[in-house]
Amino acid sequence: MKNICFYFEIHRPVRLKRYRFFDIGNDHYYYDDFQNEDHIRFLAEQSYLPANKAIYEMIRNSNGKFRCAYSFSGIALEQLEQYAPEVIDSFIELAKTDCVEFLAETYAHSLASIYDYNEFEQEVKMQVDKIESLFGKKPTAFRNSELIYSDEIGEKIYQLGFKTILIDEVSHVLGWKSPNFIYSHPSIQRLKLLVRNFGLSDDIAFRFSNPSWQGYPLTADKFIGWINNFPENEKIINIWMGYEAFGVFQPNHTGIFDFLKALPYYALLNNIGFILPSEAAKKMDAVNILSSPEPISWSGLEKDISVWNGNDLQQEALNKLYAVGERVRLCDDRTLRHDWLRLQSTDHFRYMSHKDSFGTYYESPYDAFINYMNILADFLDRVDQQYPTTIENEELNALLKTIANLEKEVEKLQAELKRLRARKKIIE
Amino acid sequence: MKVLMFGWEFPPHILGGLGTASYGLTKALAMMGDIDITFVIPKKRGDEDESFLKIIGACFVPIVWKENDWNYVNQRIGWIMSPDEYFKLRNGIKYDFRRIYTDDLGCVEFSGAYPNNLIEEIFNYEAVASVLAHQLDFDIIHSHDWLTYPAGVFAKQISGKPLVIHVHATEFDRSRGQVNPVVYDIEKRGMDMADHIITVSNLTRNIVIEKYHQDPRKITTVHNAVEPLPDADSYVKTIRRDKIVTFLGRITMQKGPEYFVEAAQRVISKTKNVRFVMAGNGDMMYSMIDLVAKQRIADRFHFTGFLVGRQVYQMLADSDVYIMPSVSEPFGISPLEAMQVGTPTIISKQSGCAEILTHTIKIDYWDIDGMADAIYAIVRSPAMYKSLHELGKIEVSNIKWENAAQKVKTIYENLLKK
């Protein structure tokens, strides 16, 4: 029996306001609240709420046979809590059905997995806690921001306790292999990789209403037919996309919601089921290994990470930002730490790309860079006031190491003490 | 096909962008083959590059019949034009132009510049055009800029050949709204009579449609390009402690110099090690010096006066930022020249070249804060400088006159088919 594994991403960066260089040092608030509220309301009303309603109906009408997964960025959740709390409520309703799964990712939807491992670890933990506190479910499968993945990142994620990772269908990694199987990490066999079916996912997200596309018009019947025609041994079809595909990329009038609602019926008719990522990893065995020495992602033509760090502007911004990671983590100034997260979203760097600045609200990559760097300059000043950059990072690291070692030492000694006391008792 | 072109400037004697653009376009057109160009300018000095076209100086074309023998003509103008040609042209005098003051050969003297009696020169030039239209063999007429529209129109009326006018600027750009009705009238008549209008940017195209009420179907935008700079590498940036931000061009209302001064003031108030240079000459120079003094930034703001030849490129190469805050610029070739020597540029959105450039920073001319911000970013961030420096250079090397010439050729062909 074939299974469709649906997963939807919900992320939106915090939009930065126009920040001039003469504001540096004078103004420490970086966000365009009006635009943020406006856009979140728009997304909630056009996409999230109607889509949630549709999914809820689908779950009920199919007696819980329809299931799907979601991943949120912490940044998006915060904004939803602030501007559209009813969206959070409707996700809580969905969570109660037990037919949805919430995935782990980085809180800030950041590139920390590439630039700052300690930060990455912290962000994943923050995100898991946030999901658990909101929806009462602890994520067990992991998807990195922008589906960024490499063998190295895989190892790190395994160390954090995850055994399932979602990656994109990238031809230079898969080669002749089909995405419709489960694979595993080359050295850690227990770490399972689910691969997005890139073509089918984009058929819904980007091509659905395009009349010049040969698959147009796309109906649920036809879509399920395609899946049904896959070879019998291809058991899992991963269809993953941004949630705003429903209602924004494909507006309501294109019939996208009707298409969605009709899917379970035709799937079940053809004996095709629905499955959640962590269930799939548990039930199915990996057929082979997949190795990706270089980072891959789901964006750009090359599907590497060059849309975020491919040019000089982006590298400059990223290097400056992540150079202060250690210091920021030492701070207990909550606003500062919050700003740190908000400034890390991948989108800010994508707006600086010359080749693909998808979703940008700036006039040019240079404009994006100017504005971001002004804000970053102010932010770095604030960090500097707390932990002057005159202290070298290495020095700082040495101190941190000593502290960490001391803790371990104490633990060790305590354990020994316990052992000795117990021994003493026995002797007595 | 044979093209009769009327122009006002031709290198090496150029006063503005018009001469450079005329040269680039004609050269590329001639290189395509199958196009013979006769280029008329008011004053021919003899040192123009005639390798790819024929240049006729209006100052050697007789418009009043004077009896002269071959030897006398040879002695007078033989060094620049053959007497046979003179006599051939003399046969083209069909109208009585004795009201115009002429010399012993029946020719008019032209300054070839923009003198106070410019309107008079324009109409003398028109008289010359009538003689040429009668005697020369051509398929199409092409007039560059408003000074030559009357000449083009007259040539069209005489020969019945199609007229293309090339709008390099309009009175609305030059005067910031204070339009001179005489000039407007000349421009409007030229456009009304033209079979096709070429504008150097969409910005200009819109002005021609809206202010001159022309039919959009007969207007095509052909963006200017820039001649490759073979010795670009010979301009080396002098290493200085201070960063240099440069405004280079005529210091006139059209170029928006006051916005540059205001932006400079904002940058200087926040940073050290930045100097501002205003290179060029113009009627607003003294008021700019006053403004600089008033803003108390004169210690970091410098005026160089008019620069020529190599000095221009050296100044650009020495700059860390080049700014063109023009209020209304039909095209604006100088940012492209700055990019050729690798200087990052900031240009106003009200300039035509903004339509074809990516690796530059575009701001509204009145957005002083934005301009200051962009200057600050380039002088403070090496990554920003590097990107604009490298990618700008690559970008500008792909803006070629060949592409412009191809479009012009297509326009000619379509007109001749009719």
# chains A, B, ... in the order shown; residues from 1 in each chain; ligands from 1
>>> select_by_dssp(residues="region 28-270 of chain A", states="strand (DSSP E or B)", output="VMD selection string")
chain A and resid 31 68 to 72 100 to 104 110 141 to 143 149 164 to 167 182 to 184 192 to 196 236 to 242 246 to 247 250 to 251
>>> interface_residues(of="chain B", to="chain A", cutoff="7 Å", atoms="only C-alpha atoms", output="number ranges by chain")
B: 270, 361, 373-374, 377, 383-384, 387
>>> write_last_selection(atoms="N, CA and C atoms", output="mmCIF file, in the first residue's frame")
data_model
loop_
_atom_site.group_PDB
_atom_site.id
_atom_site.type_symbol
_atom_site.label_atom_id
_atom_site.label_comp_id
_atom_site.auth_asym_id
_atom_site.auth_seq_id
_atom_site.Cartn_x
_atom_site.Cartn_y
_atom_site.Cartn_z
ATOM 1 N N LYS B 270 28.160 62.191 10.925
ATOM 2 C CA LYS B 270 28.175 60.895 11.601
ATOM 3 C C LYS B 270 29.519 60.171 11.480
ATOM 4 N N ILE B 361 23.177 51.684 -6.924
ATOM 5 C CA ILE B 361 22.129 51.945 -5.940
ATOM 6 C C ILE B 361 21.247 53.054 -6.455
ATOM 7 N N ASP B 373 22.514 57.266 3.401
ATOM 8 C CA ASP B 373 22.600 55.893 3.879
ATOM 9 C C ASP B 373 23.426 55.033 2.920
ATOM 10 N N ALA B 374 23.183 55.235 1.639
ATOM 11 C CA ALA B 374 23.900 54.460 0.630
ATOM 12 C C ALA B 374 25.387 54.824 0.622
ATOM 13 N N ALA B 377 26.963 53.228 3.604
ATOM 14 C CA ALA B 377 27.124 51.778 3.447
ATOM 15 C C ALA B 377 28.337 51.455 2.580
ATOM 16 N N ALA B 383 32.424 44.807 1.784
ATOM 17 C CA ALA B 383 31.669 43.855 0.954
ATOM 18 C C ALA B 383 30.811 44.600 -0.053
ATOM 19 N N MET B 384 30.238 45.673 0.397
ATOM 20 C CA MET B 384 29.389 46.489 -0.469
ATOM 21 C C MET B 384 30.234 47.081 -1.596
ATOM 22 N N SER B 387 31.304 44.293 -4.092
ATOM 23 C CA SER B 387 30.218 43.842 -4.961
ATOM 24 C C SER B 387 29.958 44.824 -6.080
#
>>> residues_around(residues="region 213-226 of chain B", least_positions_apart="2", cutoff="10 Å", atoms="only C-alpha atoms", output="ChimeraX atom specification")
/B:20-22,24-25,164-168,188,191-192,194-211,228-229,330-334,336-337,340,352-353,355-356,396-408,411
>>> write_last_selection(atoms="C-alpha atoms", output="PDB file, in the first residue's frame")
ATOM      1  CA  THR B  20      29.609  60.764 -27.200  1.00  0.00           C
ATOM      2  CA  ALA B  21      26.276  59.145 -27.936  1.00  0.00           C
ATOM      3  CA  SER B  22      26.325  60.254 -31.595  1.00  0.00           C
ATOM      4  CA  GLY B  24      28.964  55.451 -30.346  1.00  0.00           C
ATOM      5  CA  LEU B  25      25.751  54.925 -32.259  1.00  0.00           C
ATOM      6  CA  VAL B 164      13.657  59.740 -37.562  1.00  0.00           C
ATOM      7  CA  ILE B 165      14.232  62.052 -34.668  1.00  0.00           C
ATOM      8  CA  HIS B 166      16.378  61.016 -31.745  1.00  0.00           C
ATOM      9  CA  VAL B 167      15.361  62.586 -28.444  1.00  0.00           C
ATOM     10  CA  HIS B 168      18.449  62.807 -26.239  1.00  0.00           C
ATOM     11  CA  LYS B 188       6.966  69.699 -30.764  1.00  0.00           C
ATOM     12  CA  MET B 191       8.119  65.319 -33.187  1.00  0.00           C
ATOM     13  CA  ASP B 192       4.888  65.984 -35.051  1.00  0.00           C
ATOM     14  CA  ALA B 194       8.771  62.742 -37.549  1.00  0.00           C
ATOM     15  CA  ASP B 195       7.934  59.348 -38.982  1.00  0.00           C
ATOM     16  CA  HIS B 196       9.531  57.734 -35.998  1.00  0.00           C
ATOM     17  CA  ILE B 197      10.827  58.983 -32.674  1.00  0.00           C
ATOM     18  CA  ILE B 198      13.697  57.354 -30.786  1.00  0.00           C
ATOM     19  CA  THR B 199      14.039  58.138 -27.080  1.00  0.00           C
ATOM     20  CA  VAL B 200      17.048  57.276 -24.955  1.00  0.00           C
ATOM     21  CA  SER B 201      14.969  55.896 -22.073  1.00  0.00           C
ATOM     22  CA  ASN B 202      11.418  55.014 -21.122  1.00  0.00           C
ATOM     23  CA  LEU B 203      11.490  58.012 -18.850  1.00  0.00           C
ATOM     24  CA  THR B 204      11.985  60.263 -21.863  1.00  0.00           C
ATOM     25  CA  ARG B 205       9.494  58.240 -23.840  1.00  0.00           C
ATOM     26  CA  ASN B 206       6.826  58.989 -21.245  1.00  0.00           C
ATOM     27  CA  ILE B 207       7.637  62.693 -21.349  1.00  0.00           C
ATOM     28  CA  VAL B 208       7.336  62.660 -25.125  1.00  0.00           C
ATOM     29  CA  ILE B 209       3.963  60.945 -24.889  1.00  0.00           C
ATOM     30  CA  GLU B 210       2.562  63.041 -22.076  1.00  0.00           C
ATOM     31  CA  LYS B 211       4.018  66.474 -22.663  1.00  0.00           C
ATOM     32  CA  PRO B 228      34.642  50.215 -24.138  1.00  0.00           C
ATOM     33  CA  LEU B 229      37.467  51.920 -22.325  1.00  0.00           C
ATOM     34  CA  PRO B 330      17.086  61.406 -19.997  1.00  0.00           C
ATOM     35  CA  PHE B 331      19.895  58.852 -19.940  1.00  0.00           C
ATOM     36  CA  GLY B 332      23.076  59.842 -18.100  1.00  0.00           C
ATOM     37  CA  ILE B 333      26.187  58.230 -19.470  1.00  0.00           C
ATOM     38  CA  SER B 334      28.583  59.178 -16.692  1.00  0.00           C
ATOM     39  CA  LEU B 336      28.467  53.957 -16.891  1.00  0.00           C
ATOM     40  CA  GLU B 337      31.851  55.582 -17.260  1.00  0.00           C
ATOM     41  CA  GLN B 340      34.045  51.163 -16.322  1.00  0.00           C
ATOM     42  CA  GLY B 352      17.197  56.904 -17.785  1.00  0.00           C
ATOM     43  CA  CYS B 353      20.234  54.725 -17.172  1.00  0.00           C
ATOM     44  CA  GLU B 355      16.334  51.431 -16.355  1.00  0.00           C
ATOM     45  CA  ILE B 356      19.198  49.252 -17.547  1.00  0.00           C
ATOM     46  CA  VAL B 396      28.758  47.780 -17.902  1.00  0.00           C
ATOM     47  CA  SER B 397      31.003  45.760 -20.196  1.00  0.00           C
ATOM     48  CA  ASN B 398      27.854  44.089 -21.519  1.00  0.00           C
ATOM     49  CA  ILE B 399      26.093  47.330 -22.408  1.00  0.00           C
ATOM     50  CA  LYS B 400      27.141  47.654 -26.021  1.00  0.00           C
ATOM     51  CA  TRP B 401      26.342  50.081 -28.794  1.00  0.00           C
ATOM     52  CA  GLU B 402      25.893  47.113 -31.119  1.00  0.00           C
ATOM     53  CA  ASN B 403      22.579  46.323 -29.453  1.00  0.00           C
ATOM     54  CA  ALA B 404      21.402  49.901 -29.776  1.00  0.00           C
ATOM     55  CA  ALA B 405      22.489  50.022 -33.424  1.00  0.00           C
ATOM     56  CA  GLN B 406      20.592  46.821 -34.148  1.00  0.00           C
ATOM     57  CA  LYS B 407      17.385  48.400 -32.843  1.00  0.00           C
ATOM     58  CA  VAL B 408      17.946  51.569 -34.861  1.00  0.00           C
ATOM     59  CA  ILE B 411      13.501  51.019 -37.183  1.00  0.00           C
TER      60      ILE B 411
END
>>> residues_around(residues="region 94-106 of chain A", least_positions_apart="6", cutoff="6 Å", atoms="only C-alpha atoms", output="list in words")
Arg67, Cys68, Ala69, Tyr70, Ser71, Glu123, Val124, Val128, Pro139, Ala141, Phe142, Arg143 and Asn144 of chain A
>>> write_last_selection(atoms="C-alpha atoms", output="PDB file, in the first residue's frame")
ATOM      1  CA  ARG A  67      -3.078  12.880   8.330  1.00  0.00           C
ATOM      2  CA  CYS A  68      -0.480  15.533   7.809  1.00  0.00           C
ATOM      3  CA  ALA A  69       2.464  17.231   9.482  1.00  0.00           C
ATOM      4  CA  TYR A  70       3.355  20.841  10.148  1.00  0.00           C
ATOM      5  CA  SER A  71       6.526  22.673  10.883  1.00  0.00           C
ATOM      6  CA  GLU A 123      17.339  26.972  18.768  1.00  0.00           C
ATOM      7  CA  VAL A 124      16.160  23.437  18.197  1.00  0.00           C
ATOM      8  CA  VAL A 128      10.740  21.865  20.653  1.00  0.00           C
ATOM      9  CA  PRO A 139       8.304  16.759  18.038  1.00  0.00           C
ATOM     10  CA  ALA A 141      11.078  14.246  13.505  1.00  0.00           C
ATOM     11  CA  PHE A 142      13.287  17.060  12.326  1.00  0.00           C
ATOM     12  CA  ARG A 143      13.248  19.363   9.308  1.00  0.00           C
ATOM     13  CA  ASN A 144      15.856  22.051   9.091  1.00  0.00           C
TER      14      ASN A 144
END
>>> atom_distance(atom1="CA of Val245 (chain B)", atom2="CA of Val379 (chain B)")
8.6 Å
>>> closest_residue(among="A:Lys17, A:Arg327, A:Lys418, A:Lys261", to="Ile55 (chain A)", atoms="only C-alpha atoms")
A:Lys261
>>> residues_around(residues="Phe72 (chain A)", least_positions_apart="5", cutoff="7 Å", atoms="only C-alpha atoms", output="short mmCIF file (atom, residue, chain, number, x, y, z; two decimals) with C-alpha atoms, in the first residue's frame")
data_model
loop_
_atom_site.label_atom_id
_atom_site.label_comp_id
_atom_site.auth_asym_id
_atom_site.auth_seq_id
_atom_site.Cartn_x
_atom_site.Cartn_y
_atom_site.Cartn_z
CA GLU A 9 5.72 24.74 6.46
CA ILE A 10 4.61 27.85 8.29
CA HIS A 11 7.20 30.53 8.48
CA LEU A 77 4.48 31.31 16.06
#
>>> select_by_dssp(residues="region 176-384 of chain A", states="alpha helix (DSSP H)", output="compact mmCIF listing (two decimals) with C-alpha atoms, in the first residue's frame")
# COMPACT_ATOMS: atom_id res chain seq x y z
CA PHE A 198 9.86 17.82 -5.72
CA GLY A 199 7.78 17.56 -8.89
CA LEU A 200 4.48 16.64 -7.29
CA SER A 201 4.96 19.17 -4.50
CA ASP A 202 5.53 22.01 -6.93
CA ALA A 220 -7.67 15.36 -7.27
CA ASP A 221 -8.61 12.39 -9.45
CA LYS A 222 -5.78 13.05 -11.87
CA PHE A 223 -3.23 13.78 -9.14
CA ILE A 224 -3.97 10.55 -7.30
CA GLY A 225 -3.84 8.79 -10.66
CA TRP A 226 -0.26 9.91 -11.14
CA ILE A 227 0.69 8.57 -7.74
CA ASN A 228 -1.14 5.34 -8.43
CA ILE A 256 -7.29 24.85 -4.51
CA PHE A 257 -9.30 24.18 -1.35
CA ASP A 258 -11.77 21.97 -3.22
CA PHE A 259 -8.86 20.12 -4.74
CA LEU A 260 -7.40 19.58 -1.28
CA LYS A 261 -10.69 18.39 0.18
CA ALA A 262 -11.19 15.89 -2.63
CA LEU A 263 -7.78 14.27 -2.18
CA PRO A 264 -8.59 11.82 0.66
CA TYR A 265 -11.59 10.40 -1.16
CA TYR A 266 -9.69 9.57 -4.34
CA ALA A 267 -6.67 8.37 -2.40
CA LEU A 268 -8.65 5.95 -0.29
CA LEU A 269 -10.57 4.81 -3.35
CA PRO A 277 6.86 11.45 8.83
CA SER A 278 7.73 9.84 12.15
CA GLU A 279 5.31 6.95 11.57
CA ALA A 280 6.83 6.34 8.18
CA ALA A 281 10.33 6.26 9.61
CA LYS A 282 9.20 3.83 12.28
CA LYS A 283 7.25 1.48 10.01
CA SER A 306 24.04 29.86 -2.34
CA VAL A 307 20.80 31.82 -2.39
CA TRP A 308 21.62 32.77 1.22
CA ASN A 309 25.39 32.96 1.22
CA ASP A 312 29.94 38.95 -0.89
CA LEU A 313 27.12 40.94 0.70
CA GLN A 314 25.51 37.86 2.18
CA GLN A 315 28.77 36.45 3.45
CA GLU A 316 29.68 39.74 5.07
CA ALA A 317 26.32 39.98 6.83
CA LEU A 318 26.38 36.36 8.00
CA ASN A 319 29.95 36.48 9.24
CA LYS A 320 29.34 39.67 11.18
CA LEU A 321 26.17 38.28 12.69
CA TYR A 322 27.49 34.90 13.78
CA GLY A 325 27.03 34.22 18.86
CA GLU A 326 29.03 33.26 21.97
CA ARG A 327 28.62 36.69 23.47
CA VAL A 328 24.90 36.90 22.85
CA ARG A 329 24.37 33.55 24.52
CA LEU A 330 26.15 34.85 27.60
CA ARG A 334 15.96 39.29 26.96
CA THR A 335 15.31 41.94 24.31
CA LEU A 336 18.80 41.53 22.99
CA ARG A 337 18.41 37.78 22.74
CA HIS A 338 15.07 38.17 21.09
CA ASP A 339 16.47 40.57 18.50
CA TRP A 340 19.29 38.11 17.90
CA LEU A 341 16.78 35.45 16.93
CA ARG A 342 14.72 37.71 14.73
CA THR A 346 17.24 33.12 6.40
CA ASP A 347 14.95 35.50 4.52
CA HIS A 348 17.00 38.56 5.46
CA PHE A 349 19.95 37.06 3.61
CA ARG A 350 17.94 35.86 0.68
CA PRO A 365 19.81 43.38 -2.93
CA TYR A 366 21.97 46.40 -2.11
CA ASP A 367 19.06 48.15 -0.49
CA ALA A 368 18.40 45.04 1.61
CA PHE A 369 22.04 44.89 2.62
CA ILE A 370 22.22 48.58 3.59
CA ASN A 371 19.18 48.33 5.80
CA TYR A 372 20.17 45.06 7.42
CA MET A 373 23.72 46.19 8.10
CA ASN A 374 22.56 49.42 9.73
CA ILE A 375 20.39 47.40 12.07
CA LEU A 376 23.13 44.88 12.65
CA ALA A 377 25.58 47.70 13.47
CA ASP A 378 23.26 48.92 16.21
CA PHE A 379 22.73 45.39 17.46
CA LEU A 380 26.48 44.68 17.55
CA ASP A 381 27.00 47.91 19.50
CA ARG A 382 24.56 46.69 22.09
CA VAL A 383 26.30 43.33 22.33
CA ASP A 384 29.58 45.14 22.62
>>> atom_distance(atom1="CA of Gln254 (chain B)", atom2="CA of Phe172 (chain B)")
9.6 Å
>>> atom_distance(atom1="CA of Ile55 (chain B)", atom2="CA of Ser111 (chain B)")
16.6 Å
>>> residues_around(residues="Val292 (chain B)", least_positions_apart="5", cutoff="10 Å", atoms="only C-alpha atoms", output="PDB file with C-alpha atoms, in the first residue's frame")
ATOM      1  CA  GLU B 258      22.095  70.665  -3.712  1.00  0.00           C
ATOM      2  CA  VAL B 261      25.526  68.713  -0.495  1.00  0.00           C
ATOM      3  CA  GLU B 262      22.685  67.928   1.893  1.00  0.00           C
ATOM      4  CA  ALA B 264      27.189  65.046   2.424  1.00  0.00           C
ATOM      5  CA  GLN B 265      26.282  67.039   5.492  1.00  0.00           C
ATOM      6  CA  TYR B 286      28.758  79.603  -6.466  1.00  0.00           C
ATOM      7  CA  SER B 287      25.501  78.963  -4.711  1.00  0.00           C
ATOM      8  CA  ILE B 297      31.388  71.179   6.007  1.00  0.00           C
ATOM      9  CA  ALA B 298      33.790  73.128   3.814  1.00  0.00           C
ATOM     10  CA  ASP B 299      36.794  71.414   5.393  1.00  0.00           C
ATOM     11  CA  ARG B 300      35.611  68.115   3.950  1.00  0.00           C
ATOM     12  CA  PHE B 301      33.938  69.302   0.761  1.00  0.00           C
ATOM     13  CA  HIS B 302      36.017  70.226  -2.265  1.00  0.00           C
TER      14      HIS B 302
END
>>> residues_around(residues="Ile289 (chain A)", least_positions_apart="4", cutoff="8 Å", atoms="only C-alpha atoms", output="list of chain:residue names")
A:Tyr183, A:Ser184, A:His185, A:Pro186, A:Gln189
>>> decode(residues="region 326-352 of chain A", atoms="N, CA and C atoms", output="mmCIF file, in the first residue's frame")
data_model
loop_
_atom_site.group_PDB
_atom_site.id
_atom_site.type_symbol
_atom_site.label_atom_id
_atom_site.label_comp_id
_atom_site.auth_asym_id
_atom_site.auth_seq_id
_atom_site.Cartn_x
_atom_site.Cartn_y
_atom_site.Cartn_z
ATOM 1 N N GLU A 326 28.624 33.618 20.600
ATOM 2 C CA GLU A 326 29.029 33.264 21.965
ATOM 3 C C GLU A 326 28.628 34.344 22.956
ATOM 4 N N ARG A 327 28.888 35.568 22.566
ATOM 5 C CA ARG A 327 28.622 36.687 23.469
ATOM 6 C C ARG A 327 27.129 36.841 23.734
ATOM 7 N N VAL A 328 26.342 36.724 22.665
ATOM 8 C CA VAL A 328 24.903 36.899 22.852
ATOM 9 C C VAL A 328 24.363 35.828 23.796
ATOM 10 N N ARG A 329 24.885 34.621 23.661
ATOM 11 C CA ARG A 329 24.374 33.548 24.520
ATOM 12 C C ARG A 329 24.754 33.749 25.977
ATOM 13 N N LEU A 330 25.780 34.554 26.219
ATOM 14 C CA LEU A 330 26.150 34.850 27.600
ATOM 15 C C LEU A 330 25.247 35.919 28.213
ATOM 16 N N CYS A 331 24.592 36.694 27.352
ATOM 17 C CA CYS A 331 23.768 37.806 27.833
ATOM 18 C C CYS A 331 22.514 37.302 28.513
ATOM 19 N N ASP A 332 22.028 38.083 29.481
ATOM 20 C CA ASP A 332 20.711 37.731 29.986
ATOM 21 C C ASP A 332 19.698 38.829 29.678
ATOM 22 N N ASP A 333 20.094 39.750 28.788
ATOM 23 C CA ASP A 333 19.174 40.791 28.341
ATOM 24 C C ASP A 333 18.184 40.159 27.357
ATOM 25 N N ARG A 334 16.925 40.058 27.776
ATOM 26 C CA ARG A 334 15.958 39.294 26.964
ATOM 27 C C ARG A 334 15.664 39.944 25.624
ATOM 28 N N THR A 335 15.580 41.288 25.596
ATOM 29 C CA THR A 335 15.311 41.943 24.306
ATOM 30 C C THR A 335 16.441 41.677 23.332
ATOM 31 N N LEU A 336 17.642 41.752 23.853
ATOM 32 C CA LEU A 336 18.800 41.535 22.990
ATOM 33 C C LEU A 336 18.754 40.119 22.390
ATOM 34 N N ARG A 337 18.450 39.167 23.223
ATOM 35 C CA ARG A 337 18.408 37.782 22.742
ATOM 36 C C ARG A 337 17.268 37.578 21.762
ATOM 37 N N HIS A 338 16.204 38.283 21.991
ATOM 38 C CA HIS A 338 15.067 38.175 21.095
ATOM 39 C C HIS A 338 15.406 38.770 19.726
ATOM 40 N N ASP A 339 16.046 39.946 19.754
ATOM 41 C CA ASP A 339 16.475 40.574 18.498
ATOM 42 C C ASP A 339 17.435 39.660 17.741
ATOM 43 N N TRP A 340 18.301 39.041 18.494
ATOM 44 C CA TRP A 340 19.289 38.112 17.905
ATOM 45 C C TRP A 340 18.595 37.029 17.092
ATOM 46 N N LEU A 341 17.511 36.489 17.646
ATOM 47 C CA LEU A 341 16.777 35.447 16.926
ATOM 48 C C LEU A 341 16.115 36.017 15.679
ATOM 49 N N ARG A 342 15.469 37.132 15.852
ATOM 50 C CA ARG A 342 14.722 37.709 14.728
ATOM 51 C C ARG A 342 15.644 38.113 13.586
ATOM 52 N N LEU A 343 16.869 38.500 13.909
ATOM 53 C CA LEU A 343 17.794 38.919 12.855
ATOM 54 C C LEU A 343 18.400 37.735 12.102
ATOM 55 N N GLN A 344 18.178 36.512 12.648
ATOM 56 C CA GLN A 344 18.819 35.353 12.025
ATOM 57 C C GLN A 344 18.030 34.702 10.901
ATOM 58 N N SER A 345 16.764 35.061 10.729
ATOM 59 C CA SER A 345 15.945 34.368 9.728
ATOM 60 C C SER A 345 16.626 34.388 8.365
ATOM 61 N N THR A 346 16.570 33.255 7.695
ATOM 62 C CA THR A 346 17.241 33.116 6.397
ATOM 63 C C THR A 346 16.786 34.172 5.386
ATOM 64 N N ASP A 347 15.531 34.577 5.515
ATOM 65 C CA ASP A 347 14.950 35.495 4.524
ATOM 66 C C ASP A 347 15.756 36.783 4.387
ATOM 67 N N HIS A 348 16.247 37.295 5.525
ATOM 68 C CA HIS A 348 16.997 38.557 5.458
ATOM 69 C C HIS A 348 18.187 38.435 4.514
ATOM 70 N N PHE A 349 18.772 37.249 4.465
ATOM 71 C CA PHE A 349 19.949 37.061 3.615
ATOM 72 C C PHE A 349 19.543 36.784 2.177
ATOM 73 N N ARG A 350 18.399 36.141 2.032
ATOM 74 C CA ARG A 350 17.935 35.863 0.678
ATOM 75 C C ARG A 350 17.609 37.161 -0.056
ATOM 76 N N TYR A 351 17.121 38.147 0.670
ATOM 77 C CA TYR A 351 16.804 39.427 0.026
ATOM 78 C C TYR A 351 18.057 40.083 -0.555
ATOM 79 N N MET A 352 19.233 39.650 -0.089
ATOM 80 C CA MET A 352 20.483 40.229 -0.594
ATOM 81 C C MET A 352 21.032 39.463 -1.793
#
